[in-house]
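Raw entry.cif, mmCIF, C-alpha atoms:
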```
data_upload
#
loop_
_atom_site.group_PDB
_atom_site.id
_atom_site.type_symbol
_atom_site.label_atom_id
_atom_site.label_comp_id
_atom_site.auth_asym_id
_atom_site.auth_seq_id
_atom_site.Cartn_x
_atom_site.Cartn_y
_atom_site.Cartn_z
ATOM 1 C CA MET E 21 -1.772 -20.417 -32.939
ATOM 2 C CA PRO E 22 -3.850 -17.731 -31.174
ATOM 3 C CA ARG E 23 -2.070 -14.538 -30.216
ATOM 4 C CA PRO E 24 -1.405 -14.109 -26.477
ATOM 5 C CA LYS E 25 -3.671 -11.699 -24.645
ATOM 6 C CA VAL E 26 -1.720 -8.548 -23.866
ATOM 7 C CA HIS E 27 -4.523 -6.782 -22.011
ATOM 8 C CA ASP E 28 -5.411 -9.637 -19.685
ATOM 9 C CA ALA E 29 -7.030 -9.991 -16.272
ATOM 10 C CA ALA E 30 -3.691 -9.744 -14.469
ATOM 11 C CA LEU E 31 -2.947 -6.381 -16.087
ATOM 12 C CA ARG E 32 -6.459 -5.200 -15.287
ATOM 13 C CA LEU E 33 -5.966 -6.086 -11.622
ATOM 14 C CA ARG E 34 -2.572 -4.335 -11.467
ATOM 15 C CA LEU E 35 -4.119 -1.203 -12.942
ATOM 16 C CA LEU E 36 -6.952 -1.297 -10.408
ATOM 17 C CA GLU E 37 -4.524 -1.770 -7.505
ATOM 18 C CA CYS E 38 -2.358 1.133 -8.621
ATOM 19 C CA ALA E 39 -5.371 3.351 -9.341
ATOM 20 C CA GLY E 40 -6.803 2.606 -5.904
ATOM 21 C CA THR E 41 -3.555 3.676 -4.253
ATOM 22 C CA ALA E 42 -3.412 6.866 -6.316
ATOM 23 C CA LEU E 43 -6.998 7.784 -5.441
ATOM 24 C CA SER E 44 -6.700 7.175 -1.721
ATOM 25 C CA THR E 45 -3.385 8.995 -1.352
ATOM 26 C CA GLY E 46 -3.835 11.912 -3.734
ATOM 27 C CA GLY E 47 -7.505 12.096 -4.644
ATOM 28 C CA LEU E 48 -9.049 12.221 -8.084
ATOM 29 C CA ALA E 49 -6.496 14.759 -9.301
ATOM 30 C CA ALA E 50 -3.722 12.198 -8.735
ATOM 31 C CA LEU E 51 -5.351 9.661 -11.041
ATOM 32 C CA SER E 52 -3.682 10.286 -14.386
ATOM 33 C CA LEU E 53 -4.090 7.554 -16.992
ATOM 34 C CA ARG E 54 -0.634 8.254 -18.373
ATOM 35 C CA THR E 55 0.983 8.044 -14.925
ATOM 36 C CA LEU E 56 -1.066 4.962 -14.056
ATOM 37 C CA ALA E 57 -0.042 3.164 -17.236
ATOM 38 C CA ALA E 58 3.617 3.986 -16.694
ATOM 39 C CA ALA E 59 3.479 2.765 -13.096
ATOM 40 C CA VAL E 60 2.450 -0.721 -14.162
ATOM 41 C CA GLY E 61 4.638 -0.838 -17.259
ATOM 42 C CA THR E 62 1.957 -0.552 -19.926
ATOM 43 C CA SER E 63 0.446 2.113 -22.186
ATOM 44 C CA THR E 64 -2.623 4.295 -22.024
ATOM 45 C CA THR E 65 -3.898 2.230 -24.945
ATOM 46 C CA ALA E 66 -4.172 -0.717 -22.553
ATOM 47 C CA VAL E 67 -6.115 1.378 -20.045
ATOM 48 C CA TYR E 68 -8.572 2.443 -22.730
ATOM 49 C CA ALA E 69 -8.834 -1.099 -24.058
ATOM 50 C CA LEU E 70 -9.659 -2.482 -20.621
ATOM 51 C CA PHE E 71 -11.801 0.320 -19.171
ATOM 52 C CA GLY E 72 -12.769 2.652 -22.008
ATOM 53 C CA GLY E 73 -11.250 5.667 -20.252
ATOM 54 C CA LYS E 74 -11.171 7.315 -16.840
ATOM 55 C CA PRO E 75 -14.919 7.121 -16.076
ATOM 56 C CA GLY E 76 -14.898 3.398 -16.831
ATOM 57 C CA LEU E 77 -11.827 2.937 -14.670
ATOM 58 C CA LEU E 78 -13.552 4.667 -11.743
ATOM 59 C CA GLU E 79 -16.647 2.499 -12.172
ATOM 60 C CA ALA E 80 -14.471 -0.622 -12.240
ATOM 61 C CA LEU E 81 -12.614 0.514 -9.125
ATOM 62 C CA HIS E 82 -15.839 0.918 -7.184
ATOM 63 C CA ALA E 83 -17.164 -2.431 -8.371
ATOM 64 C CA GLU E 84 -13.898 -4.152 -7.427
ATOM 65 C CA ALA E 85 -13.767 -2.496 -4.010
ATOM 66 C CA PHE E 86 -17.304 -3.466 -3.097
ATOM 67 C CA SER E 87 -16.785 -6.947 -4.511
ATOM 68 C CA ARG E 88 -13.791 -7.471 -2.235
ATOM 69 C CA LEU E 89 -15.675 -6.270 0.823
ATOM 70 C CA GLY E 90 -18.685 -8.379 -0.084
ATOM 71 C CA ALA E 91 -16.525 -11.479 -0.429
ATOM 72 C CA ARG E 92 -15.120 -10.928 3.077
ATOM 73 C CA LEU E 93 -18.615 -10.550 4.531
ATOM 74 C CA CYS E 94 -19.977 -13.589 2.700
ATOM 75 C CA ALA E 95 -17.067 -15.681 3.977
ATOM 76 C CA VAL E 96 -18.136 -15.217 7.619
ATOM 77 C CA PRO E 97 -19.506 -18.580 8.839
ATOM 78 C CA VAL E 98 -23.156 -18.668 9.850
ATOM 79 C CA GLY E 99 -23.617 -20.045 13.360
ATOM 80 C CA ALA E 100 -26.520 -20.840 15.650
ATOM 81 C CA ASP E 101 -26.564 -17.407 17.316
ATOM 82 C CA PRO E 102 -27.446 -14.544 14.933
ATOM 83 C CA VAL E 103 -26.280 -11.957 17.472
ATOM 84 C CA GLU E 104 -22.788 -13.446 17.549
ATOM 85 C CA ASP E 105 -22.927 -13.652 13.765
ATOM 86 C CA LEU E 106 -23.612 -9.904 13.651
ATOM 87 C CA ILE E 107 -20.578 -9.310 15.850
ATOM 88 C CA ALA E 108 -18.513 -11.487 13.511
ATOM 89 C CA LEU E 109 -19.752 -9.547 10.463
ATOM 90 C CA GLY E 110 -18.757 -6.266 12.093
ATOM 91 C CA ARG E 111 -15.287 -7.605 12.757
ATOM 92 C CA ALA E 112 -15.022 -8.881 9.183
ATOM 93 C CA TYR E 113 -15.904 -5.406 7.891
ATOM 94 C CA ARG E 114 -13.190 -3.878 10.068
ATOM 95 C CA ASP E 115 -10.621 -6.495 9.048
ATOM 96 C CA ALA E 116 -11.396 -6.013 5.352
ATOM 97 C CA ALA E 117 -10.879 -2.260 5.657
ATOM 98 C CA LEU E 118 -7.595 -2.629 7.527
ATOM 99 C CA ALA E 119 -6.328 -5.230 5.053
ATOM 100 C CA ASP E 120 -7.267 -3.175 1.974
ATOM 101 C CA PRO E 121 -7.338 0.499 3.046
ATOM 102 C CA HIS E 122 -6.871 1.922 -0.454
ATOM 103 C CA PHE E 123 -9.946 0.163 -1.764
ATOM 104 C CA TYR E 124 -11.863 1.120 1.373
ATOM 105 C CA ASP E 125 -11.123 4.766 0.558
ATOM 106 C CA VAL E 126 -12.244 4.194 -3.015
ATOM 107 C CA MET E 127 -15.672 3.046 -1.798
ATOM 108 C CA PHE E 128 -16.290 6.022 0.466
ATOM 109 C CA GLY E 129 -13.983 8.730 -0.871
ATOM 110 C CA GLY E 130 -16.542 10.527 -3.019
ATOM 111 C CA THR E 131 -15.141 9.608 -6.444
ATOM 112 C CA LEU E 132 -18.508 8.151 -7.415
ATOM 113 C CA PRO E 133 -21.507 10.458 -6.960
ATOM 114 C CA ALA E 134 -23.563 9.710 -3.857
ATOM 115 C CA GLY E 135 -27.190 8.712 -4.041
ATOM 116 C CA GLU E 136 -28.951 6.072 -6.069
ATOM 117 C CA ARG E 137 -25.999 5.411 -8.391
ATOM 118 C CA TRP E 138 -23.625 4.808 -5.478
ATOM 119 C CA TRP E 139 -26.116 2.624 -3.614
ATOM 120 C CA THR E 140 -26.778 0.507 -6.711
ATOM 121 C CA VAL E 141 -23.135 -0.562 -6.575
ATOM 122 C CA ALA E 142 -22.971 -0.824 -2.782
ATOM 123 C CA ALA E 143 -26.263 -2.544 -1.945
ATOM 124 C CA PRO E 144 -25.358 -6.149 -2.870
ATOM 125 C CA THR E 145 -22.293 -5.942 -0.625
ATOM 126 C CA PHE E 146 -24.399 -5.273 2.460
ATOM 127 C CA ARG E 147 -27.054 -7.883 1.716
ATOM 128 C CA PRO E 148 -25.472 -10.414 4.156
ATOM 129 C CA VAL E 149 -25.964 -7.900 6.978
ATOM 130 C CA VAL E 150 -29.626 -7.323 6.113
ATOM 131 C CA GLU E 151 -30.290 -11.052 5.789
ATOM 132 C CA LEU E 152 -28.680 -11.731 9.140
ATOM 133 C CA VAL E 153 -30.717 -9.005 10.833
ATOM 134 C CA GLU E 154 -33.855 -10.467 9.236
ATOM 135 C CA ARG E 155 -32.975 -13.874 10.695
ATOM 136 C CA ALA E 156 -32.293 -12.346 14.109
ATOM 137 C CA VAL E 157 -35.651 -10.542 14.141
ATOM 138 C CA ALA E 158 -37.521 -13.632 12.953
ATOM 139 C CA GLY E 159 -35.865 -15.748 15.629
ATOM 140 C CA GLY E 160 -36.558 -13.292 18.435
ATOM 141 C CA ALA E 161 -32.918 -12.343 18.997
ATOM 142 C CA LEU E 162 -33.781 -8.752 18.060
ATOM 143 C CA ARG E 163 -36.957 -6.849 18.900
ATOM 144 C CA ALA E 164 -40.099 -7.947 17.102
ATOM 145 C CA GLY E 165 -41.327 -5.415 14.578
ATOM 146 C CA THR E 166 -37.858 -4.000 14.066
ATOM 147 C CA GLU E 167 -37.211 -2.919 10.485
ATOM 148 C CA PRO E 168 -34.129 -4.893 9.299
ATOM 149 C CA ALA E 169 -33.017 -2.147 6.911
ATOM 150 C CA THR E 170 -32.972 0.366 9.768
ATOM 151 C CA VAL E 171 -30.972 -1.890 12.081
ATOM 152 C CA SER E 172 -28.544 -2.802 9.314
ATOM 153 C CA PHE E 173 -27.916 0.815 8.407
ATOM 154 C CA ALA E 174 -27.471 1.872 12.040
ATOM 155 C CA LEU E 175 -24.979 -0.909 12.764
ATOM 156 C CA TRP E 176 -23.092 -0.254 9.538
ATOM 157 C CA ALA E 177 -22.878 3.478 10.284
ATOM 158 C CA MET E 178 -21.395 2.826 13.724
ATOM 159 C CA VAL E 179 -18.873 0.271 12.450
ATOM 160 C CA HIS E 180 -17.963 2.451 9.483
ATOM 161 C CA GLY E 181 -17.337 5.449 11.714
ATOM 162 C CA LEU E 182 -14.999 3.577 14.044
ATOM 163 C CA VAL E 183 -13.134 1.988 11.152
ATOM 164 C CA SER E 184 -12.713 5.307 9.338
ATOM 165 C CA LEU E 185 -11.347 6.993 12.451
ATOM 166 C CA ARG E 186 -8.900 4.163 12.987
ATOM 167 C CA LEU E 187 -7.634 4.259 9.419
ATOM 168 C CA ARG E 188 -6.873 7.937 9.862
ATOM 169 C CA GLY E 189 -5.133 7.420 13.189
ATOM 170 C CA LEU E 190 -7.735 9.441 15.078
ATOM 171 C CA HIS E 191 -7.655 7.569 18.375
ATOM 172 C CA PRO E 192 -7.435 9.314 21.756
ATOM 173 C CA ALA E 193 -4.241 8.491 23.600
ATOM 174 C CA ASP E 194 -6.092 7.787 26.843
ATOM 175 C CA ALA E 195 -8.695 5.472 25.265
ATOM 176 C CA PRO E 196 -8.472 1.663 25.351
ATOM 177 C CA ALA E 197 -6.925 -0.121 22.374
ATOM 178 C CA PRO E 198 -8.907 0.365 19.144
ATOM 179 C CA ASP E 199 -9.928 -3.303 18.919
ATOM 180 C CA GLU E 200 -11.234 -3.213 22.486
ATOM 181 C CA VAL E 201 -13.246 -0.056 21.831
ATOM 182 C CA PHE E 202 -14.565 -1.574 18.615
ATOM 183 C CA ASP E 203 -15.811 -4.742 20.303
ATOM 184 C CA LEU E 204 -17.392 -2.841 23.200
ATOM 185 C CA ALA E 205 -19.157 -0.406 20.877
ATOM 186 C CA LEU E 206 -20.324 -3.125 18.488
ATOM 187 C CA ARG E 207 -21.777 -5.256 21.277
ATOM 188 C CA ALA E 208 -23.465 -2.251 22.856
ATOM 189 C CA ALA E 209 -24.992 -1.266 19.505
ATOM 190 C CA VAL E 210 -26.367 -4.765 18.926
ATOM 191 C CA ALA E 211 -27.633 -4.945 22.506
ATOM 192 C CA GLY E 212 -29.664 -1.790 21.902
ATOM 193 C CA TRP E 213 -31.833 -3.700 19.420
ATOM 194 C CA ARG E 214 -32.365 -6.727 21.678
ATOM 195 C CA PRO E 215 -35.754 -7.474 23.325
ATOM 196 C CA ALA E 216 -35.980 -6.058 26.837
ATOM 197 C CA GLU E 217 -35.928 -9.520 28.407
ATOM 198 C CA CYS E 218 -32.736 -10.557 26.583
ATOM 199 C CA PRO E 219 -29.429 -9.954 28.336
ATOM 200 C CA ALA E 220 -26.735 -8.133 26.391
ATOM 201 C CA PRO E 221 -24.214 -10.458 24.687
ATOM 202 C CA VAL E 222 -20.961 -10.791 26.570
#
```
Same coordinates, now as structure tokens:
Amino acid sequence: MPRPKVHDAALRLRLLECAGTALSTGGLAALSLRTLAAAVGTSTTAVYALFGGKPGLLEALHAEAFSRLGARLCAVPVGADPVEDLIALGRAYRDAALADPHFYDVMFGGTLPAGERWWTVAAPTFRPVVELVERAVAGGALRAGTEPATVSFALWAMVHGLVSLRLRGLHPADAPAPDEVFDLALRAAVAGWRPAECPAPV
């Protein structure tokens, strides 16, 4: 009879969840392998067996965080109107961040060096946005000649900024509700890339 797997996928996921919480609440200094192992009722041996050490754990955390976000974006249904689909993708990004704030912080908290290495992990997650912008440009819903990568980055930056402010509770008391501001800003940003003859989406 084969021996049961002690260091299984369930333990790996528990370690990632706990590590994500530690990183987003206390930063890299709070991520101790000994403390992490104790928190989930295992040993540091298990952490090393599953991740090879702290650098491997950080790499796995980033991959898991972007995988979760990518799954939420890919799950957005594709409709007949690419502009409305872009709005839906923006909302899905926001909802994913609010549902999983610790992993959102892991993606953008600076624990993985910025630049090419970071983007190699992140790029596949944002492919649905680029593909949708490409479809919108090809179909005339966005301005002809528009570079999809530019539009995608600009829209992402706006959405990311609003989401990050909301997660940190940085919302003016006299402003409309965060969801209302988000929708207004997202629609205005998309409208800015529309052909001149196209009315803004309402």
Selection result for the PyMOL selection byres ((chain E and resi 178-194) around 9) on this file, as a CSV table (one decimal) with C-alpha atoms, in the frame of the given file:
```csv
chain,number,residue,atom,x,y,z
E,110,GLY,CA,-18.8,-6.3,12.1
E,111,ARG,CA,-15.3,-7.6,12.8
E,113,TYR,CA,-15.9,-5.4,7.9
E,114,ARG,CA,-13.2,-3.9,10.1
E,117,ALA,CA,-10.9,-2.3,5.7
E,118,LEU,CA,-7.6,-2.6,7.5
E,121,PRO,CA,-7.3,0.5,3.0
E,125,ASP,CA,-11.1,4.8,0.6
E,173,PHE,CA,-27.9,0.8,8.4
E,174,ALA,CA,-27.5,1.9,12.0
E,175,LEU,CA,-25.0,-0.9,12.8
E,176,TRP,CA,-23.1,-0.3,9.5
E,177,ALA,CA,-22.9,3.5,10.3
E,195,ALA,CA,-8.7,5.5,25.3
E,196,PRO,CA,-8.5,1.7,25.4
E,197,ALA,CA,-6.9,-0.1,22.4
E,198,PRO,CA,-8.9,0.4,19.1
E,201,VAL,CA,-13.2,-0.1,21.8
E,202,PHE,CA,-14.6,-1.6,18.6
E,205,ALA,CA,-19.2,-0.4,20.9
E,206,LEU,CA,-20.3,-3.1,18.5
E,209,ALA,CA,-25.0,-1.3,19.5
```
Evaluating the PyMOL selection byres ((chain E and resi 146-161) around 8) on the displayed file yields which residues, as JSON, numbers by chain? {"E": [90, 93, 94, 102, 103, 105, 106, 109, 142, 143, 144, 145, 162, 163, 164, 165, 166, 168, 169, 171, 172, 214, 215, 218]}
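Atom pair CA of Gly47 (chain E) / CA of Asp199 (chain E): separated by 28.3 Å.
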Applied to this file, what does the PyMOL selection byres ((chain E and resi 31) around 10) return in terms of residues, put as a PyMOL selection string? chain E and resi 26-30+32-37+60-62+66-67+70
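Compared by their closest atoms to Thr41 (chain E), and using all atoms listed in the file, the residues E:His122, E:Arg88, E:Lys74, E:Arg207 rank with E:His122 nearest.
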Interatomic distance (Å, one decimal) between CA of Val210 (chain E) and CA of Asp101 (chain E): 12.7 Å
Taking all atoms of region 69-82 of chain E that the file lists and extending 4 Å past them on each side, where is the centre of the axis-aligned box and how long are its edges? Answer in Å to one decimal, as lines of an AutoDock Vina configuration file.
```
center_x = -12.7
center_y = 2.4
center_z = -15.6
size_x = 15.8
size_y = 17.8
size_z = 24.9
```
Judged by only C-alpha atoms, the minimum distance to Ala80 (chain E) among E:Val126, E:Ala58, E:Ala112, E:Val96 is found for E:Val126
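Taking CA of Ala42 (chain E) and CA of Thr55 (chain E) as the two end points, the separation is 9.7 Å.
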Nearest to Ser44 (chain E) among E:Leu89, E:Met127, E:Val98, E:Ala57, with distances taken over all atoms listed in the file: which residue is it? E:Met127
Using only C-alpha atoms, can you tell me which of E:Ala119, E:Ile107, E:Ala49, E:Ala39 comes closest to Glu79 (chain E)? E:Ala39
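Closest approach to Gly129 (chain E) among E:Ala116, E:Ala69, E:Ala208, E:Leu78: E:Leu78, based on all atoms listed in the file.
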When distances are computed from only C-alpha atoms, which of E:Gly46, E:Ser52, E:Asp115, E:Ser63 shows the smallest separation from Arg92 (chain E)? E:Asp115
